[in-house]
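The next block is target_39.txt, given as compact mmCIF, C-alpha atoms.
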```txt
# COMPACT_ATOMS: atom_id res chain seq x y z
CA MET B 8 0.00 0.00 0.00
CA SER B 9 2.90 2.37 0.53
CA ARG B 10 3.47 2.41 -3.21
CA LEU B 11 -0.16 3.33 -3.67
CA THR B 12 0.14 6.08 -1.09
CA ASP B 13 3.26 7.38 -2.78
CA ALA B 14 1.56 7.29 -6.12
CA LEU B 15 -1.46 9.14 -4.80
CA ALA B 16 0.76 11.73 -3.15
CA ALA B 17 2.71 12.18 -6.35
CA LEU B 18 -0.48 12.47 -8.33
CA SER B 19 -1.92 15.01 -5.91
CA ALA B 20 1.24 17.07 -6.02
CA LEU B 21 1.24 17.02 -9.78
CA ALA B 22 -2.41 17.88 -9.85
CA VAL B 23 -1.74 20.97 -7.78
CA LEU B 24 1.30 21.94 -9.80
CA THR B 25 -0.38 21.53 -13.13
CA GLY B 26 -3.78 22.76 -12.14
CA CYS B 27 -5.48 19.65 -13.42
CA ALA B 28 -7.20 18.50 -10.26
CA GLN B 29 -10.62 18.77 -11.85
CA THR B 30 -9.79 16.81 -14.92
CA VAL B 31 -8.76 13.61 -13.22
CA ASP B 32 -11.82 13.41 -10.98
CA GLY B 33 -10.26 10.89 -8.69
CA THR B 34 -10.69 8.06 -11.12
CA ALA B 35 -7.10 7.92 -12.25
CA MET B 36 -6.00 5.20 -9.88
CA LYS B 37 -7.46 1.99 -11.11
CA THR B 38 -6.22 -0.21 -8.33
CA GLY B 39 -7.16 -3.29 -6.48
CA SER B 40 -6.78 -5.56 -9.44
CA GLY B 41 -4.25 -8.31 -8.88
CA SER B 42 -2.90 -7.96 -12.36
CA THR B 43 -2.15 -4.27 -12.03
CA GLN B 44 1.51 -3.33 -11.85
CA ARG B 45 3.08 0.05 -11.42
CA ASN B 46 6.30 1.32 -12.88
CA ASP B 47 7.95 4.50 -14.05
CA LYS B 48 8.26 3.54 -17.68
CA SER B 49 5.18 5.09 -19.20
CA SER B 50 6.57 8.60 -19.50
CA LYS B 51 9.56 7.21 -21.37
CA GLU B 52 7.51 4.77 -23.35
CA TYR B 53 4.87 7.31 -24.33
CA PRO B 54 6.56 10.70 -24.09
CA ASN B 55 3.74 12.34 -25.98
CA LEU B 56 0.96 10.89 -23.88
CA LEU B 57 -1.86 13.42 -23.76
CA LYS B 58 0.12 16.00 -25.71
CA GLU B 59 -0.78 15.00 -29.26
CA CYS B 60 -3.62 17.46 -29.66
CA ASP B 61 -1.67 20.47 -28.48
CA VAL B 62 0.67 20.96 -31.44
CA LEU B 63 -1.46 23.89 -32.55
CA THR B 64 -3.55 25.83 -30.06
CA SER B 65 -7.30 25.91 -30.42
CA ASP B 66 -7.04 29.65 -31.08
CA VAL B 67 -4.93 28.93 -34.16
CA LEU B 68 -7.32 26.22 -35.30
CA ALA B 69 -10.35 28.49 -34.88
CA LYS B 70 -8.71 31.36 -36.71
CA THR B 71 -7.66 29.11 -39.60
CA VAL B 72 -11.21 27.85 -40.17
CA GLY B 73 -12.76 31.30 -39.76
CA ALA B 74 -14.30 30.72 -36.34
CA ASP B 75 -14.27 32.81 -33.20
CA PRO B 76 -11.66 31.39 -30.77
CA LEU B 77 -14.53 30.94 -28.29
CA ASP B 78 -16.44 28.77 -30.76
CA ILE B 79 -14.23 25.70 -30.88
CA GLN B 80 -14.56 22.56 -28.83
CA SER B 81 -12.39 19.47 -28.54
CA THR B 82 -14.39 16.28 -29.05
CA PHE B 83 -11.72 13.56 -29.17
CA VAL B 84 -8.12 13.31 -27.99
CA GLY B 85 -5.19 10.98 -28.61
CA ALA B 86 -3.24 10.06 -31.75
CA VAL B 87 -6.38 11.26 -33.51
CA CYS B 88 -7.82 14.55 -32.26
CA ARG B 89 -11.12 16.11 -33.25
CA TRP B 90 -12.55 19.56 -32.76
CA GLN B 91 -15.68 21.30 -33.89
CA ALA B 92 -15.62 24.99 -34.72
CA ALA B 93 -18.36 27.38 -35.76
CA ASN B 94 -17.62 29.20 -38.99
CA PRO B 95 -20.36 31.74 -39.81
CA ALA B 96 -21.21 29.63 -42.88
CA GLY B 97 -21.62 26.45 -40.86
CA LEU B 98 -20.01 24.04 -38.44
CA ILE B 99 -16.60 22.69 -39.36
CA ASP B 100 -15.15 19.46 -37.99
CA ILE B 101 -11.38 19.40 -37.73
CA THR B 102 -9.41 16.17 -37.38
CA ARG B 103 -5.72 15.76 -36.71
CA LEU B 104 -3.87 12.49 -37.01
CA TRP B 105 -0.38 11.53 -36.01
CA PHE B 106 0.72 7.95 -36.61
CA GLU B 107 4.38 7.65 -35.69
CA GLN B 108 4.55 4.11 -37.07
CA GLY B 109 2.48 5.04 -40.12
CA SER B 110 3.60 6.27 -43.51
CA LEU B 111 2.53 8.59 -46.29
CA ASP B 112 2.40 5.59 -48.62
CA ASN B 113 -0.04 3.80 -46.34
CA GLU B 114 -2.23 6.91 -46.01
CA ARG B 115 -2.31 7.17 -49.80
CA LYS B 116 -3.27 3.52 -50.08
CA VAL B 117 -6.12 3.98 -47.61
CA ALA B 118 -7.39 7.14 -49.33
CA GLU B 119 -7.38 5.40 -52.69
CA ASN B 120 -9.19 2.43 -51.17
CA LEU B 121 -11.89 4.86 -49.97
CA ASN B 122 -12.15 6.28 -53.52
CA TYR B 123 -10.96 9.72 -52.49
CA GLN B 124 -9.22 11.94 -55.04
CA VAL B 125 -5.54 11.94 -54.11
CA GLU B 126 -3.03 14.50 -55.33
CA SER B 127 0.68 14.60 -54.54
CA ARG B 128 2.01 17.88 -53.31
CA THR B 129 4.90 19.38 -51.37
CA ILE B 130 3.98 21.34 -48.27
CA ALA B 131 6.75 23.32 -46.55
CA GLY B 132 9.23 21.18 -48.47
CA VAL B 133 7.75 17.92 -47.17
CA ALA B 134 6.24 15.20 -49.39
CA SER B 135 2.47 15.28 -48.88
CA ILE B 136 -0.87 14.27 -50.34
CA VAL B 137 -4.12 16.20 -50.59
CA MET B 138 -7.26 14.05 -50.33
CA ARG B 139 -10.77 15.02 -51.36
CA THR B 140 -13.83 13.08 -50.31
CA ASN B 141 -16.89 12.86 -52.52
CA ASP B 142 -19.28 14.56 -50.12
CA PRO B 143 -21.11 17.71 -51.33
CA ASN B 144 -19.63 19.87 -48.56
CA GLY B 145 -16.15 19.23 -49.83
CA GLY B 146 -14.28 17.44 -47.06
CA CYS B 147 -10.54 17.69 -47.63
CA GLY B 148 -7.50 16.29 -45.90
CA VAL B 149 -3.73 16.50 -46.12
CA ALA B 150 -1.09 14.05 -44.95
CA SER B 151 2.64 14.68 -44.79
CA ASP B 152 5.70 12.49 -44.43
CA ALA B 153 6.84 13.72 -41.03
CA ALA B 154 7.60 11.76 -37.84
CA GLY B 155 5.78 8.79 -39.35
CA VAL B 156 2.79 10.54 -40.89
CA VAL B 157 0.90 13.64 -39.79
CA GLY B 158 -2.44 14.73 -41.22
CA TRP B 159 -5.27 17.23 -40.98
CA TRP B 160 -8.84 16.92 -42.20
CA ILE B 161 -11.38 19.68 -42.60
CA ASN B 162 -15.00 18.49 -42.91
CA PRO B 163 -17.44 21.39 -43.28
CA GLN B 164 -21.10 20.74 -42.54
CA ALA B 165 -22.12 23.30 -45.17
CA PRO B 166 -20.96 23.91 -48.76
CA GLY B 167 -18.79 26.80 -49.91
CA ILE B 168 -15.89 26.51 -47.46
CA ASP B 169 -12.32 26.16 -48.72
CA ALA B 170 -11.57 22.97 -46.82
CA CYS B 171 -8.39 22.14 -48.75
CA GLY B 172 -6.99 25.61 -48.22
CA GLN B 173 -7.66 25.38 -44.50
CA ALA B 174 -6.19 21.89 -44.17
CA ILE B 175 -3.04 22.93 -46.05
CA THR B 176 -2.67 26.00 -43.84
CA LEU B 177 -2.88 23.83 -40.72
CA MET B 178 -0.23 21.52 -42.14
CA GLU B 179 2.06 24.43 -42.98
CA LEU B 180 1.73 25.65 -39.40
CA THR B 181 2.35 22.14 -38.05
CA LEU B 182 5.48 21.58 -40.11
CA ALA B 183 6.76 24.99 -39.10
CA THR B 184 6.27 24.01 -35.48
CA ASN B 185 8.36 20.88 -35.97
CA SER B 186 11.34 22.60 -37.52
CA MET I 7 -10.94 8.84 -26.51
CA THR I 8 -13.83 11.20 -26.39
CA ALA I 9 -13.10 14.54 -24.83
CA ALA I 10 -16.18 16.66 -24.46
CA ARG I 11 -18.31 14.79 -21.99
CA ARG I 12 -17.79 17.21 -19.15
CA LEU I 13 -18.76 20.26 -21.12
CA ALA I 14 -21.60 18.55 -22.86
CA THR I 15 -22.94 17.35 -19.54
CA LEU I 16 -22.76 20.78 -18.05
CA ALA I 17 -24.14 22.27 -21.22
CA VAL I 18 -21.41 24.85 -21.20
CA ALA I 19 -21.04 25.67 -24.84
CA ALA I 20 -18.72 28.02 -26.61
CA VAL I 21 -15.83 27.53 -24.25
CA ALA I 22 -12.45 26.84 -25.74
CA VAL I 23 -11.05 24.15 -23.55
CA VAL I 24 -7.80 22.38 -23.29
CA PRO I 25 -8.65 18.78 -24.09
CA VAL I 26 -9.61 16.88 -20.99
CA LEU I 27 -6.46 15.93 -19.10
CA GLY I 28 -4.45 18.09 -21.44
CA ALA I 29 -2.71 19.84 -18.59
CA CYS I 30 -1.66 16.66 -16.91
CA SER I 31 1.10 15.48 -19.17
CA GLY I 32 4.11 14.38 -17.22
CA SER I 33 2.01 12.89 -14.45
CA SER I 34 2.18 9.47 -15.97
CA SER I 35 4.91 8.01 -13.82
CA GLU I 36 3.77 5.82 -10.96
CA GLN I 37 0.57 5.10 -12.79
CA PRO I 38 -0.95 1.68 -13.08
CA GLN I 39 0.28 -0.35 -15.99
CA SER I 40 -1.91 -3.07 -17.30
CA ALA I 41 -0.52 -6.51 -17.59
CA GLY I 42 -0.62 -7.68 -21.15
CA GLN I 43 -0.25 -4.21 -22.59
CA GLN I 44 1.69 -4.21 -25.81
CA GLN I 45 5.21 -2.97 -25.29
CA ASP I 46 7.06 -4.36 -28.25
CA SER I 47 6.05 -1.73 -30.78
CA PRO I 48 8.74 -0.22 -32.97
CA GLY I 49 10.03 3.23 -32.16
CA PRO I 50 9.22 6.43 -34.02
CA GLY I 51 10.35 6.45 -37.62
CA LYS I 52 9.96 2.72 -38.11
CA GLU I 53 6.85 1.80 -40.00
CA GLY I 54 4.67 -0.67 -38.22
CA LYS I 55 2.93 -3.66 -39.67
CA HIS I 56 -0.51 -2.65 -40.81
CA GLY I 57 -3.80 -4.44 -40.41
CA PRO I 58 -6.80 -4.84 -42.71
CA MET I 59 -8.61 -2.14 -44.66
CA PHE I 60 -11.75 -0.73 -43.07
CA PRO I 61 -14.50 0.96 -45.07
CA GLU I 62 -15.46 4.57 -44.31
CA CYS I 63 -17.05 4.80 -40.85
CA GLY I 64 -16.20 1.15 -40.25
CA GLY I 65 -18.99 0.31 -42.66
CA ILE I 66 -21.62 1.34 -40.09
CA SER I 67 -24.68 3.07 -41.54
CA ASP I 68 -26.70 5.87 -39.98
CA GLN I 69 -29.58 3.43 -39.69
CA THR I 70 -27.45 0.96 -37.72
CA MET I 71 -26.35 3.78 -35.43
CA ALA I 72 -29.94 4.81 -34.77
CA GLU I 73 -30.94 1.21 -34.07
CA GLN I 74 -28.00 0.45 -31.81
CA THR I 75 -28.03 3.66 -29.80
CA GLY I 76 -31.75 4.37 -29.73
CA VAL I 77 -30.88 8.02 -30.37
CA SER I 78 -32.77 9.82 -33.12
CA GLY I 79 -31.51 12.81 -35.07
CA LEU I 80 -27.88 11.73 -35.21
CA VAL I 81 -25.84 13.37 -37.96
CA LYS I 82 -22.62 11.83 -39.24
CA THR I 83 -19.80 14.38 -39.20
CA ALA I 84 -16.03 14.44 -39.69
CA VAL I 85 -16.29 11.66 -42.26
CA ASN I 86 -12.76 11.01 -43.49
CA SER I 87 -9.95 8.49 -43.71
CA VAL I 88 -9.55 8.17 -39.94
CA GLY I 89 -13.20 7.72 -39.06
CA CYS I 90 -16.51 9.39 -38.38
CA GLN I 91 -18.51 10.77 -35.51
CA TRP I 92 -22.25 10.83 -35.00
CA LEU I 93 -23.62 13.81 -33.09
CA ALA I 94 -27.14 15.01 -32.31
CA GLY I 95 -27.96 17.42 -35.12
CA GLY I 96 -24.26 17.48 -35.96
CA GLY I 97 -23.44 19.59 -32.89
CA ILE I 98 -21.38 18.94 -29.79
CA LEU I 99 -24.15 19.07 -27.22
CA GLY I 100 -25.64 15.66 -26.61
CA PRO I 101 -24.35 12.15 -27.15
CA HIS I 102 -21.12 11.38 -28.96
CA PHE I 103 -20.47 8.25 -30.97
CA SER I 104 -17.34 7.76 -33.05
CA PHE I 105 -15.32 5.27 -35.02
CA THR I 106 -11.59 5.91 -35.35
CA TRP I 107 -8.97 3.94 -37.27
CA PHE I 108 -5.36 4.39 -36.11
CA ARG I 109 -2.74 3.20 -38.64
CA GLY I 110 0.67 2.71 -37.10
CA SER I 111 -0.03 3.97 -33.61
CA PRO I 112 0.53 2.15 -30.33
CA ILE I 113 -2.72 0.99 -28.74
CA GLY I 114 -0.85 0.98 -25.44
CA ARG I 115 -0.74 4.77 -25.38
CA GLU I 116 -4.46 5.03 -25.99
CA ARG I 117 -5.08 2.47 -23.28
CA LYS I 118 -2.86 4.42 -20.92
CA THR I 119 -4.93 7.52 -21.52
CA GLU I 120 -8.05 5.54 -20.69
CA GLU I 121 -6.46 4.17 -17.52
CA LEU I 122 -5.73 7.70 -16.38
CA SER I 123 -9.31 8.84 -16.77
CA ARG I 124 -11.86 6.04 -16.77
CA THR I 125 -13.63 4.02 -14.10
CA SER I 126 -12.31 0.72 -15.41
CA VAL I 127 -10.20 -0.64 -18.25
CA GLU I 128 -10.18 -4.35 -18.98
CA ASP I 129 -8.94 -6.71 -21.68
CA ILE I 130 -11.43 -7.81 -24.32
CA THR I 131 -11.43 -10.06 -27.39
CA ILE I 132 -13.92 -9.52 -30.21
CA GLU I 133 -14.07 -11.71 -33.30
CA GLY I 134 -10.72 -13.16 -32.30
CA ASN I 135 -8.96 -9.78 -32.02
CA SER I 136 -7.78 -8.43 -28.69
CA GLY I 137 -7.78 -5.00 -27.10
CA PHE I 138 -9.28 -3.00 -24.25
CA ILE I 139 -12.72 -1.97 -23.07
CA ALA I 140 -12.99 1.16 -20.93
CA VAL I 141 -16.00 2.31 -18.94
CA GLY I 142 -16.63 5.89 -17.93
CA THR I 143 -19.05 6.93 -15.22
CA ASP I 144 -20.97 10.17 -15.05
CA PRO I 145 -22.11 11.22 -11.57
CA MET I 146 -25.64 11.88 -12.82
CA LEU I 147 -25.99 9.32 -15.60
CA GLY I 148 -24.04 6.29 -14.39
CA ASP I 149 -21.91 4.21 -16.76
CA ASN I 150 -22.79 6.27 -19.83
CA LEU I 151 -19.48 5.93 -21.66
CA CYS I 152 -17.75 2.93 -23.20
CA GLU I 153 -14.68 2.88 -25.43
CA ILE I 154 -13.30 -0.23 -27.11
CA GLY I 155 -9.92 -0.41 -28.81
CA ILE I 156 -8.97 -3.49 -30.84
CA SER I 157 -5.52 -4.00 -32.34
CA PHE I 158 -4.59 -5.36 -35.77
CA ASN I 159 -0.79 -5.65 -35.83
CA ASP I 160 0.38 -2.05 -35.26
CA ASP I 161 -2.99 -0.57 -36.23
CA PHE I 162 -6.06 -0.35 -34.04
CA ILE I 163 -9.64 0.79 -34.23
CA GLU I 164 -11.61 2.46 -31.48
CA TRP I 165 -15.34 2.81 -31.00
CA SER I 166 -16.42 5.47 -28.54
CA VAL I 167 -19.99 5.48 -27.24
CA SER I 168 -21.11 8.23 -24.90
CA PHE I 169 -24.72 8.91 -23.93
CA ALA I 170 -25.88 12.26 -22.63
CA GLU I 171 -29.27 11.48 -21.12
CA LYS I 172 -31.33 8.70 -19.66
CA PRO I 173 -32.69 6.30 -20.64
CA TYR I 174 -29.94 4.68 -22.67
CA PRO I 175 -28.96 1.11 -23.51
CA PRO I 176 -25.86 -0.41 -21.86
CA ALA I 177 -23.05 1.61 -23.45
CA CYS I 178 -20.66 -1.33 -23.65
CA ASP I 179 -23.26 -3.53 -25.34
CA VAL I 180 -23.59 -0.86 -28.03
CA ALA I 181 -19.83 -0.40 -28.36
CA THR I 182 -19.22 -4.14 -28.51
CA GLU I 183 -21.77 -4.68 -31.26
CA LEU I 184 -20.50 -1.75 -33.35
CA THR I 185 -16.93 -3.02 -32.95
CA ARG I 186 -17.98 -6.52 -33.94
CA GLN I 187 -19.71 -5.29 -37.08
CA SER I 188 -16.76 -3.10 -38.06
CA ILE I 189 -14.36 -6.02 -37.72
CA VAL I 190 -16.62 -8.15 -39.88
CA ASN I 191 -16.64 -5.31 -42.46
CA ALA I 192 -12.83 -5.16 -42.66
CA LYS I 193 -11.08 -6.56 -45.70
```
What is this structure when it is put down as structure tokens?
Amino acid sequence: MSRLTDALAALSALAVLTGCAQTVDGTAMKTGSGSTQRNDKSSKEYPNLLKECDVLTSDVLAKTVGADPLDIQSTFVGAVCRWQAANPAGLIDITRLWFEQGSLDNERKVAENLNYQVESRTIAGVASIVMRTNDPNGGCGVASDAAGVVGWWINPQAPGIDACGQAITLMELTLATNS
Amino acid sequence: MTAARRLATLAVAAVAVVPVLGACSGSSSEQPQSAGQQQDSPGPGKEGKHGPMFPECGGISDQTMAEQTGVSGLVKTAVNSVGCQWLAGGGILGPHFSFTWFRGSPIGRERKTEELSRTSVEDITIEGNSGFIAVGTDPMLGDNLCEIGISFNDDFIEWSVSFAEKPYPPACDVATELTRQSIVNAK
């Protein structure tokens, strides 16, 4: 139990330091199971745990898709992140992907399998593809050969929005961040 | 994993939030580690071994979603190469259902995120493929959230089912059935 106490103390201290006490809600410690083991490897094993969605701030995302910075909401987090933002013309769903063991070739293969239009392109000097879905609102994504593969999708819920332009802008900003 | 449950529950719209738990990075030492978690994945820069091809949205139709969830008025949004989400009227307030296909991404990291935030995370096998099943509990609604991740070599899929009001069917029954159908739809 002392390890549990230590872990709880460490967690509490971190919660105070990082101001995240509300977000863990006391459910973080899944204990009591005989198969549960504790170690200090996870931060080394998964150095980007919980950080994947923060490469661009939500303010930057909102601005890029023409939304007020107050009108964007995260809906999914992890190696795939989703947000929804309110452009005056309609809602826009934003998706980011980062597959460190993925590849641009595999993303192209998947897009072709889904019958998307795929176009090769260089973004900020990095080999990339632009993908267009067949939906009437013009969903558009980009994927680039960086740290495995990184991608952005813009899916407007109304027609007349330059989804490809917005996705490419987000990728340009992302690749700039990495350099 | 789904991120907006807190805000949706509180009906606090139009607030730009850091993703749930987003401020807690670095707190992952001394956390529980599940036995059986995959740890032999290649490092960054090495392409993983990929799994089967999934159709758009895991091959799940709007009609199937309505039948499985019992929620009417769902609109499919964010339809692209990594998945889909179904939201009430297409907006963020209300239930959230999503399919996500990760291609060359460690399922162990996603499971770790679940272990840091959910009520329980257990092993599960569906159609002969293994992964995790996570249950989330809302103070007002009970076990309204269920997320299932199933690995295929170095790929995995995740179904996220999150209800926003009672009555609702058992969330993990819904997630399990949607996962099963998606696996059957893979080629």
Using only C-alpha atoms, find the one residue out of I:Leu184, I:Lys55, I:Leu122, I:Thr131 that sits nearest to I:Asp68.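 Ranking I:Leu184, I:Lys55, I:Leu122, I:Thr131 by distance to I:Asp68, first place goes to I:Leu184.
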Atom pair atom CA of B:Glu179 / atom CA of I:Gly114: separation (Å): 29.4 Å
Atom CA of I:Ala177 to atom CA of I:Gly95: how many Å, to one decimal?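 Going from atom CA of I:Ala177 over to atom CA of I:Gly95 covers 20.3 Å.
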Record the distance separating atom CA of B:Thr184 and atom CA of B:Leu104, expressed in Å with one decimal.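 About the pair atom CA of B:Thr184 and atom CA of B:Leu104: they are 15.4 Å apart.
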Best match for closeness to I:Asp161 among B:Ser151, B:Thr176, B:Ser110, B:Asn144, counting all atoms listed in the file: B:Ser110
List as a list in words the protein and nucleic acid residues near B:Gly172, meaning an atom at most 12 Å away when only C-alpha atoms are counted, but skip any in the same chain fewer than 3 places from it. Thr71, Val72, Gly73, Ile130, Val137, Met138, Arg139, Gly145, Gly146, Cys147, Gly148, Val149, Trp159, Trp160, Ile161, Asn162, Gly167, Ile168, Asp169, Ile175, Thr176, Leu177, Met178 and Glu179 of chain B
Of the listed residues I:Ala9, I:Ala72, I:Val88, I:Val77, that which approaches B:Thr102 most closely, counting only C-alpha atoms: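 Going through I:Ala9, I:Ala72, I:Val88, I:Val77 one by one, the smallest distance to B:Thr102 is for I:Val88.
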Work out where the centre of an axis-aligned box around every listed atom of stretch 156-169 of chain I lies and how long its edges are once 4 Å is added on each side; give both in Å to one decimal as lines of an AutoDock Vina configuration file.
```
center_x = -12.2
center_y = 1.6
center_z = -30.1
size_x = 33.1
size_y = 22.6
size_z = 20.3
```
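Using all atoms listed in the file, the shortest contact distance between chain I and any of B:Gly132, B:Ser127, B:Glu119, B:Ala154 is found at B:Ala154.
Minimum distance to chain I across B:Gly155, B:Val133, B:Val62, B:Gly97 (counting all atoms listed in the file) occurs at B:Gly155.
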Just want the 9 Å neighbourhood of stretch 172-175 of chain I, counted on all atoms listed in the file, with same-chain residues fewer than 6 positions away dropped. Output as a list in words.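 Final neighbour list, sorted by chain and number: Gln74, Thr75, Gly76, Val77, Leu147 and Asn150 of chain I.
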Considering only C-alpha atoms, state which residue in the set B:Ser135, B:Thr181, B:Gln173, B:Gln108 is at the smallest distance from B:Ala150. B:Ser135
Skipping near chain neighbours, those fewer than 4 positions away, what residues fall within 10 Å of I:Leu80 using only C-alpha atoms, listed as a PyMOL selection string? chain I and resi 68-69+71-72+75-76+91-97+100-103
Excluding B:Glu59 and residues on its chain fewer than 5 positions from it, collect all residues at most 10 Å away from it, counting only C-alpha atoms, and give them as a compact mmCIF listing (two decimals) with C-alpha atoms, in the frame of the given file.
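Written out: around.txt:
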```txt
# COMPACT_ATOMS: atom_id res chain seq x y z
CA PRO B 54 6.56 10.70 -24.09
CA VAL B 84 -8.12 13.31 -27.99
CA GLY B 85 -5.19 10.98 -28.61
CA ALA B 86 -3.24 10.06 -31.75
CA VAL B 87 -6.38 11.26 -33.51
CA CYS B 88 -7.82 14.55 -32.26
CA ARG B 103 -5.72 15.76 -36.71
CA LEU B 104 -3.87 12.49 -37.01
CA TRP B 105 -0.38 11.53 -36.01
CA GLY I 28 -4.45 18.09 -21.44
```
